[in-house]
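Source file: structure.txt. Holds: compact mmCIF, C-alpha atoms.
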# COMPACT_ATOMS: atom_id res chain seq x y z
CA MET A 6 83.86 186.00 68.22
CA SER A 7 80.75 188.03 67.33
CA SER A 8 77.29 186.48 67.07
CA ILE A 9 77.19 183.77 64.40
CA LEU A 10 73.45 183.11 64.27
CA SER A 11 71.07 185.58 62.67
CA PRO A 12 69.20 187.66 65.27
CA GLU A 13 66.38 188.39 62.82
CA GLY A 14 65.15 184.96 61.74
CA LEU A 15 66.28 181.42 61.15
CA SER A 16 69.81 180.12 60.63
CA VAL A 17 69.89 176.75 58.87
CA VAL A 18 72.49 173.96 58.73
CA LEU A 19 72.09 171.60 55.75
CA GLY A 20 74.05 168.69 54.34
CA ALA A 21 75.42 169.43 50.88
CA GLN A 22 76.25 165.87 49.76
CA TRP A 23 74.75 162.45 50.59
CA GLY A 24 74.60 162.87 54.35
CA ASP A 25 77.07 162.00 57.12
CA GLU A 26 78.96 165.26 56.50
CA GLY A 27 79.27 166.02 60.20
CA LYS A 28 76.42 168.52 60.55
CA GLY A 29 75.96 167.64 64.21
CA LYS A 30 79.19 169.21 65.42
CA LEU A 31 78.49 172.56 63.77
CA SER A 32 74.93 172.45 65.07
CA ASP A 33 76.31 171.78 68.54
CA ILE A 34 78.67 174.77 68.32
CA LEU A 35 75.97 177.10 67.00
CA CYS A 36 73.49 175.88 69.59
CA GLY A 37 75.81 177.42 72.17
CA GLU A 38 74.14 180.72 71.36
CA ALA A 39 70.77 179.41 70.10
CA ASP A 40 67.55 179.76 72.05
CA VAL A 41 65.78 177.16 69.92
CA CYS A 42 67.13 174.26 67.84
CA ALA A 43 64.57 172.71 65.49
CA ARG A 44 64.30 169.64 63.29
CA CYS A 45 62.09 170.11 60.22
CA GLN A 46 62.05 166.76 58.37
CA GLY A 47 63.18 163.15 58.40
CA GLY A 48 63.02 160.83 61.37
CA ASN A 49 65.35 158.60 63.34
CA ASN A 50 66.99 157.57 60.05
CA ALA A 51 69.30 160.53 60.59
CA GLY A 52 72.41 160.33 62.72
CA HIS A 53 74.72 162.83 64.41
CA THR A 54 77.58 162.06 66.77
CA ILE A 55 78.77 164.87 69.03
CA VAL A 56 81.81 164.56 71.29
CA VAL A 57 81.93 166.77 74.39
CA ASN A 58 84.60 166.27 77.07
CA ASP A 59 85.42 162.86 75.56
CA VAL A 60 81.77 161.74 75.92
CA LYS A 61 80.00 160.66 72.71
CA TYR A 62 76.36 161.61 72.27
CA ASP A 63 74.40 160.02 69.43
CA PHE A 64 71.40 161.89 68.04
CA HIS A 65 68.87 160.44 65.62
CA VAL A 66 65.48 162.15 65.87
CA LEU A 67 66.23 164.55 68.72
CA PRO A 68 67.73 167.98 67.87
CA SER A 69 71.35 168.13 69.02
CA GLY A 70 70.65 171.49 70.67
CA LEU A 71 69.83 169.46 73.79
CA ILE A 72 73.57 169.49 74.49
CA ASN A 73 73.23 173.18 75.42
CA PRO A 74 71.36 173.46 78.76
CA LYS A 75 69.87 176.81 77.73
CA CYS A 76 68.51 175.65 74.37
CA THR A 77 64.99 174.36 73.69
CA ALA A 78 64.77 171.51 71.15
CA LEU A 79 61.77 171.48 68.80
CA ILE A 80 60.58 168.63 66.56
CA GLY A 81 58.51 170.15 63.75
CA ALA A 82 55.49 168.91 61.80
CA GLY A 83 57.61 167.70 58.88
CA VAL A 84 59.36 165.11 61.07
CA VAL A 85 58.00 161.56 61.38
CA VAL A 86 58.41 160.22 64.91
CA HIS A 87 58.74 156.69 66.27
CA LEU A 88 57.91 157.34 69.92
CA PRO A 89 59.64 154.28 71.45
CA SER A 90 62.87 155.28 69.70
CA LEU A 91 62.45 158.91 70.75
CA PHE A 92 62.15 158.02 74.43
CA ASP A 93 64.96 155.45 74.19
CA GLU A 94 67.23 158.10 72.68
CA LEU A 95 66.21 160.58 75.36
CA GLU A 96 66.96 158.10 78.14
CA LYS A 97 70.42 157.34 76.71
CA LEU A 98 71.28 161.05 76.58
CA GLU A 99 70.06 161.62 80.13
CA SER A 100 72.06 158.59 81.33
CA LYS A 101 75.18 160.43 80.14
CA GLY A 102 74.35 163.45 82.27
CA LEU A 103 72.20 165.64 79.99
CA ASP A 104 69.28 167.32 81.74
CA CYS A 105 66.58 167.55 79.08
CA ASP A 106 63.67 168.24 81.41
CA GLY A 107 61.41 170.97 80.06
CA ARG A 108 63.61 171.54 76.98
CA LEU A 109 62.02 169.20 74.41
CA LEU A 110 58.90 170.10 72.42
CA ILE A 111 57.15 168.15 69.66
CA SER A 112 54.62 169.40 67.16
CA ASP A 113 51.05 168.16 67.51
CA ARG A 114 51.08 167.93 63.69
CA ALA A 115 54.04 165.54 63.44
CA HIS A 116 53.20 162.14 61.95
CA LEU A 117 53.83 158.95 63.90
CA VAL A 118 55.98 156.01 62.80
CA PHE A 119 54.72 152.65 64.07
CA ASP A 120 56.42 149.27 64.25
CA VAL A 121 54.17 148.21 61.37
CA HIS A 122 55.88 150.84 59.20
CA GLN A 123 59.24 149.30 60.05
CA THR A 124 57.93 145.83 59.15
CA ILE A 125 56.69 147.15 55.81
CA ASP A 126 60.04 148.88 55.20
CA GLY A 127 61.79 145.51 55.36
CA LEU A 128 59.17 143.76 53.21
CA ARG A 129 59.49 146.46 50.52
CA GLU A 130 63.25 146.04 50.37
CA VAL A 131 62.79 142.27 49.93
CA GLU A 132 60.30 142.93 47.10
CA LEU A 133 62.78 145.21 45.34
CA GLY A 134 65.50 142.54 45.48
CA ARG A 135 68.67 143.63 43.70
CA GLY A 136 67.07 147.02 43.04
CA SER A 137 66.65 147.76 46.74
CA ILE A 138 67.25 151.31 47.92
CA GLY A 139 69.28 150.37 50.98
CA THR A 140 67.00 152.07 53.51
CA THR A 141 67.68 152.15 57.25
CA LYS A 142 64.50 150.03 57.73
CA LYS A 143 63.34 152.52 60.37
CA GLY A 144 59.91 152.82 58.75
CA ILE A 145 60.48 156.35 57.52
CA GLY A 146 59.45 155.79 53.89
CA PRO A 147 56.24 153.89 54.75
CA ALA A 148 55.33 156.58 57.32
CA TYR A 149 55.71 159.32 54.70
CA SER A 150 53.70 157.15 52.29
CA SER A 151 50.89 157.00 54.85
CA LYS A 152 51.13 160.77 55.23
CA ALA A 153 50.96 161.38 51.47
CA SER A 154 48.01 158.99 51.07
CA ARG A 155 46.24 160.81 53.93
CA SER A 156 45.98 157.66 56.02
CA GLY A 157 48.65 158.53 58.60
CA LEU A 158 48.19 159.31 62.26
CA ARG A 159 49.58 162.45 63.88
CA VAL A 160 50.56 163.24 67.44
CA HIS A 161 47.26 165.00 68.23
CA HIS A 162 45.32 161.83 67.29
CA LEU A 163 46.74 160.16 70.41
CA TYR A 164 44.50 162.32 72.59
CA ASN A 165 41.25 160.92 71.23
CA PHE A 166 42.41 157.39 71.83
CA ASP A 167 39.28 155.45 70.83
CA GLU A 168 39.35 157.12 67.41
CA PHE A 169 43.13 156.64 67.24
CA ALA A 170 42.78 152.90 67.97
CA ALA A 171 40.09 152.45 65.33
CA LYS A 172 42.17 154.19 62.67
CA PHE A 173 45.27 152.24 63.66
CA ARG A 174 43.48 148.90 63.26
CA VAL A 175 42.38 149.94 59.76
CA ILE A 176 46.00 150.86 58.87
CA VAL A 177 47.26 147.42 59.87
CA GLU A 178 44.37 145.66 58.15
CA ASN A 179 45.11 147.50 54.90
CA LYS A 180 48.84 146.70 55.14
CA ARG A 181 48.01 143.00 55.55
CA LYS A 182 45.84 143.12 52.45
CA ARG A 183 48.82 144.47 50.53
CA TYR A 184 51.72 142.50 52.07
CA GLY A 185 50.07 139.34 53.38
CA ASN A 186 49.10 138.29 56.88
CA PHE A 187 52.40 139.15 58.56
CA GLU A 188 52.71 138.65 62.30
CA TYR A 189 51.89 141.79 64.27
CA ASP A 190 50.48 142.36 67.75
CA VAL A 191 47.96 145.13 67.12
CA GLU A 192 46.49 145.20 70.61
CA GLY A 193 49.94 145.09 72.21
CA GLU A 194 51.00 148.07 70.11
CA LEU A 195 47.87 150.00 71.11
CA ALA A 196 48.47 149.29 74.80
CA LYS A 197 52.01 150.59 74.42
CA TYR A 198 50.82 153.78 72.71
CA ARG A 199 48.21 154.44 75.38
CA GLU A 200 51.09 154.68 77.87
CA LEU A 201 53.38 156.59 75.51
CA ALA A 202 50.66 159.17 74.85
CA GLU A 203 50.61 160.21 78.50
CA ARG A 204 54.38 160.30 78.68
CA LEU A 205 54.43 162.48 75.56
CA ARG A 206 51.63 164.85 76.61
CA PRO A 207 53.82 167.43 78.44
CA LEU A 208 56.02 167.78 75.34
CA VAL A 209 53.26 168.42 72.78
CA VAL A 210 52.86 171.95 71.44
CA ASP A 211 51.22 173.89 68.63
CA HIS A 212 54.63 174.45 67.17
CA VAL A 213 53.56 176.98 64.51
CA SER A 214 52.38 179.54 67.04
CA TYR A 215 55.29 178.69 69.36
CA LEU A 216 57.95 179.17 66.68
CA HIS A 217 56.50 182.40 65.32
CA GLU A 218 56.28 183.78 68.84
CA GLN A 219 59.99 183.02 69.28
CA ILE A 220 60.77 184.79 66.00
CA GLN A 221 58.77 187.86 67.07
CA LEU A 222 60.62 187.91 70.38
CA GLY A 223 63.93 188.07 68.50
CA LYS A 224 65.13 184.68 69.72
CA LYS A 225 68.02 183.01 67.93
CA ILE A 226 66.72 179.95 66.09
CA LEU A 227 68.82 177.22 64.52
CA VAL A 228 67.29 174.69 62.14
CA GLU A 229 69.14 171.40 61.91
CA GLY A 230 68.63 169.63 58.59
CA ALA A 231 68.66 165.83 58.46
CA ASN A 232 70.16 163.73 55.64
CA ALA A 233 71.38 165.95 52.76
CA LEU A 234 70.57 167.54 49.42
CA MET A 235 71.54 164.52 47.30
CA LEU A 236 69.03 162.45 49.28
CA ASP A 237 66.18 164.90 48.68
CA ILE A 238 63.15 163.11 47.25
CA ASP A 239 62.86 165.65 44.40
CA PHE A 240 66.45 166.77 43.77
CA GLY A 241 68.53 163.79 44.91
CA THR A 242 69.62 160.65 43.05
CA TYR A 243 66.06 159.31 42.82
CA PRO A 244 65.01 156.61 43.69
CA TYR A 245 68.11 156.22 45.91
CA VAL A 246 66.94 158.98 48.20
CA THR A 247 65.12 159.51 51.47
CA SER A 248 61.38 160.19 51.69
CA SER A 249 61.37 163.88 52.58
CA ASN A 250 62.54 167.23 51.25
CA THR A 251 66.03 167.64 52.67
CA ALA A 252 66.63 170.88 50.74
CA VAL A 253 66.04 174.34 52.18
CA GLY A 254 62.40 174.17 51.06
CA GLY A 255 61.84 171.46 53.67
CA VAL A 256 62.54 174.06 56.36
CA CYS A 257 59.53 176.10 55.21
CA THR A 258 57.16 173.18 54.79
CA GLY A 259 58.35 171.26 57.85
CA LEU A 260 58.25 174.17 60.27
CA GLY A 261 55.57 176.40 58.77
CA VAL A 262 57.79 179.44 58.20
CA PRO A 263 58.01 181.65 55.09
CA PRO A 264 61.24 181.85 53.07
CA THR A 265 61.69 185.48 54.14
CA LYS A 266 62.41 184.30 57.69
CA ILE A 267 65.47 182.29 56.60
CA LYS A 268 68.48 184.59 56.94
CA LYS A 269 71.48 182.26 56.91
CA VAL A 270 72.06 178.86 55.25
CA ILE A 271 75.28 176.99 56.04
CA GLY A 272 76.12 174.05 53.77
CA VAL A 273 78.15 171.29 55.37
CA VAL A 274 80.63 169.63 52.99
CA LYS A 275 82.89 166.75 53.92
CA ALA A 276 86.43 167.23 52.55
CA TYR A 277 85.87 164.05 50.54
CA THR A 278 82.64 162.24 49.60
CA THR A 279 80.77 159.35 51.22
CA ARG A 280 77.39 157.70 50.88
CA VAL A 281 75.58 154.78 52.50
CA GLY A 282 73.41 152.27 50.69
CA GLY A 283 72.73 151.88 46.98
CA GLY A 284 72.75 154.47 44.25
CA PRO A 285 75.18 156.30 41.97
CA PHE A 286 78.44 157.72 43.29
CA PRO A 287 80.54 159.18 40.43
CA THR A 288 83.73 159.80 42.45
CA GLU A 289 83.67 156.54 44.45
CA GLN A 290 87.12 154.98 44.84
CA LEU A 291 87.02 151.17 44.95
CA ASN A 292 90.76 151.06 45.61
CA ASP A 293 93.39 151.89 48.21
CA VAL A 294 92.24 155.53 48.37
CA GLY A 295 88.67 154.52 49.17
CA GLU A 296 89.89 152.05 51.80
CA TYR A 297 92.15 154.72 53.31
CA LEU A 298 89.32 157.25 53.58
CA GLN A 299 87.00 154.62 55.09
CA ARG A 300 89.57 153.45 57.64
CA VAL A 301 91.11 156.78 58.70
CA GLY A 302 87.78 158.59 58.57
CA PHE A 303 86.11 155.77 60.50
CA GLU A 304 83.26 155.84 58.02
CA PHE A 305 80.49 153.81 59.59
CA GLY A 306 76.86 154.99 59.77
CA VAL A 307 75.69 156.28 63.17
CA THR A 308 72.18 154.92 62.60
CA THR A 309 72.91 151.60 60.89
CA GLY A 310 76.58 150.84 61.55
CA ARG A 311 76.98 150.18 57.83
CA LYS A 312 80.34 150.83 56.19
CA ARG A 313 80.18 153.99 54.07
CA ARG A 314 81.33 154.10 50.46
CA CYS A 315 84.13 156.65 49.99
CA GLY A 316 85.58 158.77 47.21
CA TRP A 317 87.05 162.11 46.20
CA LEU A 318 85.29 165.43 46.78
CA ASP A 319 82.77 166.07 44.01
CA MET A 320 82.36 169.77 43.26
CA VAL A 321 79.69 169.06 40.64
CA VAL A 322 77.54 167.80 43.52
CA VAL A 323 78.47 170.78 45.73
CA LYS A 324 77.71 173.33 43.00
CA TYR A 325 74.36 171.66 42.24
CA SER A 326 73.57 171.64 45.96
CA THR A 327 74.50 175.32 46.19
CA MET A 328 72.15 176.25 43.33
CA ILE A 329 69.21 174.69 45.17
CA ASN A 330 69.98 175.64 48.77
CA GLY A 331 71.61 179.05 48.27
CA TYR A 332 74.32 178.63 50.89
CA THR A 333 75.57 181.80 52.49
CA SER A 334 78.68 179.97 53.72
CA LEU A 335 80.19 176.49 53.93
CA ASN A 336 81.55 174.28 56.69
CA ILE A 337 84.29 171.94 55.42
CA THR A 338 84.51 168.91 57.73
CA LYS A 339 87.10 166.17 58.32
CA LEU A 340 89.87 168.03 56.48
CA ASP A 341 92.34 166.26 58.77
CA ILE A 342 91.46 162.88 57.23
CA LEU A 343 93.39 163.97 54.12
CA ASP A 344 96.55 164.73 56.14
CA GLN A 345 98.59 161.72 54.99
CA LEU A 346 97.81 161.85 51.27
CA PRO A 347 100.64 163.04 48.98
CA THR A 348 98.17 164.20 46.32
CA ILE A 349 94.44 164.84 46.40
CA LYS A 350 91.86 164.90 43.62
CA ILE A 351 88.75 167.06 43.31
CA ALA A 352 86.08 166.39 40.69
CA THR A 353 85.28 169.62 38.86
CA ALA A 354 83.15 168.51 35.87
CA TYR A 355 81.23 165.66 34.26
CA HIS A 356 81.60 164.98 30.54
CA LEU A 357 79.18 162.96 28.42
CA ASP A 358 80.28 161.90 24.94
CA GLY A 359 83.10 164.43 25.16
CA LYS A 360 80.86 167.36 26.10
CA PRO A 361 80.57 168.95 29.57
CA LEU A 362 77.27 168.65 31.44
CA ASN A 363 75.75 171.86 32.80
CA SER A 364 74.59 170.32 36.07
CA PHE A 365 73.99 167.07 37.94
CA PRO A 366 71.78 164.90 35.68
CA ALA A 367 68.38 163.58 36.78
CA ASP A 368 68.69 160.38 34.70
CA LEU A 369 70.77 157.75 36.50
CA SER A 370 71.54 155.99 33.21
CA VAL A 371 73.33 159.18 32.13
CA LEU A 372 75.43 159.07 35.31
CA GLU A 373 76.57 155.57 34.39
CA ARG A 374 78.07 156.91 31.16
CA ILE A 375 79.80 160.09 32.32
CA ASP A 376 83.52 160.75 32.53
CA VAL A 377 84.53 162.55 35.70
CA GLN A 378 87.07 165.34 35.23
CA TYR A 379 89.49 165.83 38.14
CA VAL A 380 91.94 168.45 39.28
CA GLU A 381 94.87 166.98 41.20
CA VAL A 382 96.51 169.07 43.90
CA PRO A 383 99.43 168.41 46.26
CA GLY A 384 98.62 167.32 49.80
CA TRP A 385 100.12 168.85 52.93
CA GLN A 386 101.21 165.66 54.75
CA LYS A 387 101.14 167.35 58.14
CA ASP A 388 98.96 166.78 61.21
CA ILE A 389 96.42 169.62 61.28
CA SER A 390 94.30 168.26 64.14
CA ARG A 391 95.72 170.80 66.58
CA CYS A 392 95.23 173.81 64.31
CA ARG A 393 92.66 176.27 65.65
CA THR A 394 93.14 179.26 63.34
CA TRP A 395 93.23 179.71 59.58
CA GLU A 396 96.80 180.98 59.80
CA GLU A 397 98.01 177.74 61.43
CA LEU A 398 96.95 175.56 58.51
CA PRO A 399 99.66 174.42 56.06
CA GLU A 400 99.72 176.35 52.83
CA ASN A 401 98.49 173.43 50.73
CA ALA A 402 95.56 172.86 53.10
CA LYS A 403 94.61 176.52 52.66
CA LYS A 404 94.84 176.15 48.89
CA TYR A 405 92.53 173.12 49.03
CA VAL A 406 89.93 175.14 50.95
CA GLU A 407 90.35 178.10 48.61
CA LEU A 408 89.81 175.81 45.60
CA ILE A 409 86.51 174.72 47.12
CA GLU A 410 85.56 178.39 47.56
CA LYS A 411 86.49 179.17 43.98
CA GLU A 412 84.61 176.21 42.48
CA SER A 413 81.47 176.67 44.59
CA GLY A 414 81.38 180.46 44.66
CA VAL A 415 80.61 180.29 48.39
CA PRO A 416 82.93 181.40 51.22
CA VAL A 417 84.10 178.78 53.72
CA GLU A 418 83.30 179.91 57.26
CA TRP A 419 84.09 176.79 59.30
CA ILE A 420 86.75 174.07 58.91
CA GLY A 421 86.62 170.83 60.89
CA VAL A 422 90.00 169.32 61.77
CA GLY A 423 89.07 166.60 64.27
CA ALA A 424 86.27 164.85 66.16
CA SER A 425 86.19 166.93 69.34
CA ARG A 426 83.99 169.97 69.81
CA ASP A 427 86.92 172.41 69.79
CA ALA A 428 88.50 170.95 66.63
CA MET A 429 86.87 173.58 64.44
CA ILE A 430 88.43 176.61 62.80
CA TYR A 431 86.27 179.70 62.42
CA LYS A 432 87.14 181.72 59.34
CA PRO A 433 85.14 184.96 59.36
CA VAL A 434 83.19 185.69 56.18
CA THR A 435 83.76 189.17 54.84
CA GLN A 436 80.67 190.78 53.33
Let me see whether you can do it: turn the structure in this file into structure tokens.
Amino acid sequence: MSSILSPEGLSVVLGAQWGDEGKGKLSDILCGEADVCARCQGGNNAGHTIVVNDVKYDFHVLPSGLINPKCTALIGAGVVVHLPSLFDELEKLESKGLDCDGRLLISDRAHLVFDVHQTIDGLREVELGRGSIGTTKKGIGPAYSSKASRSGLRVHHLYNFDEFAAKFRVIVENKRKRYGNFEYDVEGELAKYRELAERLRPLVVDHVSYLHEQIQLGKKILVEGANALMLDIDFGTYPYVTSSNTAVGGVCTGLGVPPTKIKKVIGVVKAYTTRVGGGPFPTEQLNDVGEYLQRVGFEFGVTTGRKRRCGWLDMVVVKYSTMINGYTSLNITKLDILDQLPTIKIATAYHLDGKPLNSFPADLSVLERIDVQYVEVPGWQKDISRCRTWEELPENAKKYVELIEKESGVPVEWIGVGASRDAMIYKPVTQ
């Protein structure tokens, strides 16, 4: 197999639906030839599971490039970081045999998530009541709110600790004015962060100069997107979204790189659709099909353990996602989960009052009124989990993939047929 990553700039892996598409496995494969694997946005509300030699590794805020002993993992300025969770995640990975020493870097511009943000996250959800978003309660939204209101604290603030402590006390005081005098050990938190700051110090870097130096040296750089396009704060199903830009633009703003440096964008599309938490889901199946997909696909969130909602593949979503992210190729994941189905449906259009919609609507009240148009295709009813080439797939499985290519206008380059690292078919893209 020839080089997959671009040697001239950044290669990017992004979720094309509502997250949980299985981006981590492709990132893991591509990191086999990457020199740097970077996260550009989100926090430990993300979740990847990677299986190597029957060992499961769970990633939340750390780039999954740490699996490759030759790859440096970089956390960019657009990421919000809860340091206790970061070090806990690092310790769990190292306890399973990963040597991460000297291979993890974090931007001095990254904003910090504190326990107080997590407390506020829960209080906000209670306030919203039945209209709650269904957040992970990891404090991500409140941390981004602090960032946007210019009251947040960044990694570099830790190294002028007296000033850091004064600003932190003001943050908590202001939160108590807004949410009441909730219980919170301010001085205990500060003592913890004084220790964490020294533990973090060897990892801190001016990531902008570091990353551009790597680009100039011709290093292969993979950017690992968190969450997915339909959770983007601007282009997703607002307000049922995350708090950052999960689209390709978030790569530029989160890492400080110009668009001209992005050479390859791979969209990851699950062979059906899932989402966690509240919000619209036009192709959701509250029936035996949905239960089948949930059970066979083992659809539980890596970060929260919540059961995922399941439904048919929605090509309206994928086409909308493609317009925004400009995918150069797609990775179809979990195709094997459809093995037992005699027929399979794919949503190809939304109709409103008998007329087709041009794109995915911004107004959620419109989504409540649409009629979803499906194409029904025959299944293959064969076990494809051992297939490792395009030619080995049953004819109907190939037709399903080709229908996705036709509807999206994007070639499929990778096809996931199982949980293990090697259960991935590479289908070369012809230029």
Which is closer to Leu201 of chain A than all the others in A:Ile342, A:Leu110, A:Leu88, A:Leu98, using all atoms listed in the file?
A:Leu88
Using only C-alpha atoms, determine which residues lie at most 8 Å from Gly146 of chain A, disregarding the query and same-chain residues fewer than 6 positions distant; provide the list as a ChimeraX atom specification.
/A:126,247-248
Which residues come within 12 Å of Ile176 of chain A, counting all atoms listed in the file, excluding same-chain residues fewer than 3 positions away, as a list in words?
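The contact residues come out as Val118, Phe119, Asp120, Val121, His122, Ile125, Pro147, Ala148, Ser150, Ser151, Lys152, Ser154, Arg155, Ser156, Gly157, Leu158, Phe169, Ala170, Ala171, Lys172, Phe173, Asn179, Lys180, Arg181, Lys182, Arg183 and Val191 of chain A.
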Go through A:Asp319, A:Glu192, A:Asp239, A:Glu38 and flag the residue nearest Leu10 of chain A, using all atoms listed in the file for the distances.
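Closest candidate: A:Glu38.
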If we count all atoms listed in the file and set the cut-off at 9 Å, which residues sit around Leu236 of chain A, ignoring sequence neighbours fewer than 3 positions away in its own chain? Please answer as a list in words.
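After dropping sequence-adjacent residues, the list is Gln22, Trp23, Gly24, Asn232, Ala233, Asp239, Phe240, Gly241, Thr242, Tyr243, Tyr245, Val246, Thr247, Ser248, Ser249, Asn250, Thr251 and Ala252 of chain A.
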From the set A:His217, A:Lys432, A:His65, A:His161, which residue has the shortest atom-to-atom contact distance to Ala231 of chain A, counting all atoms listed in the file?
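Closest residue, counting all atoms listed in the file: A:His65.
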Counting all atoms listed in the file, the option among A:Tyr355, A:Tyr198, A:Phe92, A:Tyr297 closest to Gly316 of chain A:
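That would be A:Tyr297, the residue with the smallest distance to Gly316 of chain A.
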For Lys142 of chain A, which residue among A:Leu71, A:Gly282, A:Gly83, A:Cys36 is the nearest when counting only C-alpha atoms?
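Nearest to Lys142 of chain A: A:Gly282.
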Spatial neighbours of Gly384 of chain A, 12 Å, only C-alpha atoms, chain gap at least 4 places, as a PyMOL selection string
chain A and resi 340-351+388-389+399-406
I need the residue nearest Tyr325 of chain A from this list: A:Pro264, A:Gly254, A:Gly414, A:Gly37. Use all atoms listed in the file for the distance.
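Smallest separation from Tyr325 of chain A among the options: A:Gly414.
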Would you compute an axis-aligned box for segment 239-244 of chain A, covering every atom listed for it in the file with 8 Å of margin on each side, and report centre and edge lengths in Å to one decimal as AutoDock Vina command-line options?
--center_x 66.2 --center_y 161.7 --center_z 43.9 --size_x 22.8 --size_y 26.2 --size_z 18.1
Take the point (64.8, 173.1, 76.0) in the file's coordinates, draw a sphere of radius 6 Å around it, and report as a PyMOL selection string every protein, DNA or RNA residue with an atom inside or on it, counting all atoms listed in the file.
chain A and resi 76-78+107-109
If you measure from atom CA of Glu410 of chain A to atom CA of Gly230 of chain A, what distance in Å do you get, rounded to one decimal?
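Atom CA of Glu410 of chain A sits 22.0 Å away from atom CA of Gly230 of chain A.
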So that I can see what lies close to segment 208-210 of chain A, please list as a PyMOL selection string the residues with an atom at most 6 Å from it, counting all atoms listed in the file and leaving out residues fewer than 4 positions away in the same chain.
chain A and resi 110-113
Report the distance between atom CA of Pro12 of chain A and atom CA of Arg44 of chain A in Å, rounded to one decimal place.
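So the two atoms, atom CA of Pro12 of chain A and atom CA of Arg44 of chain A, lie 18.8 Å apart.
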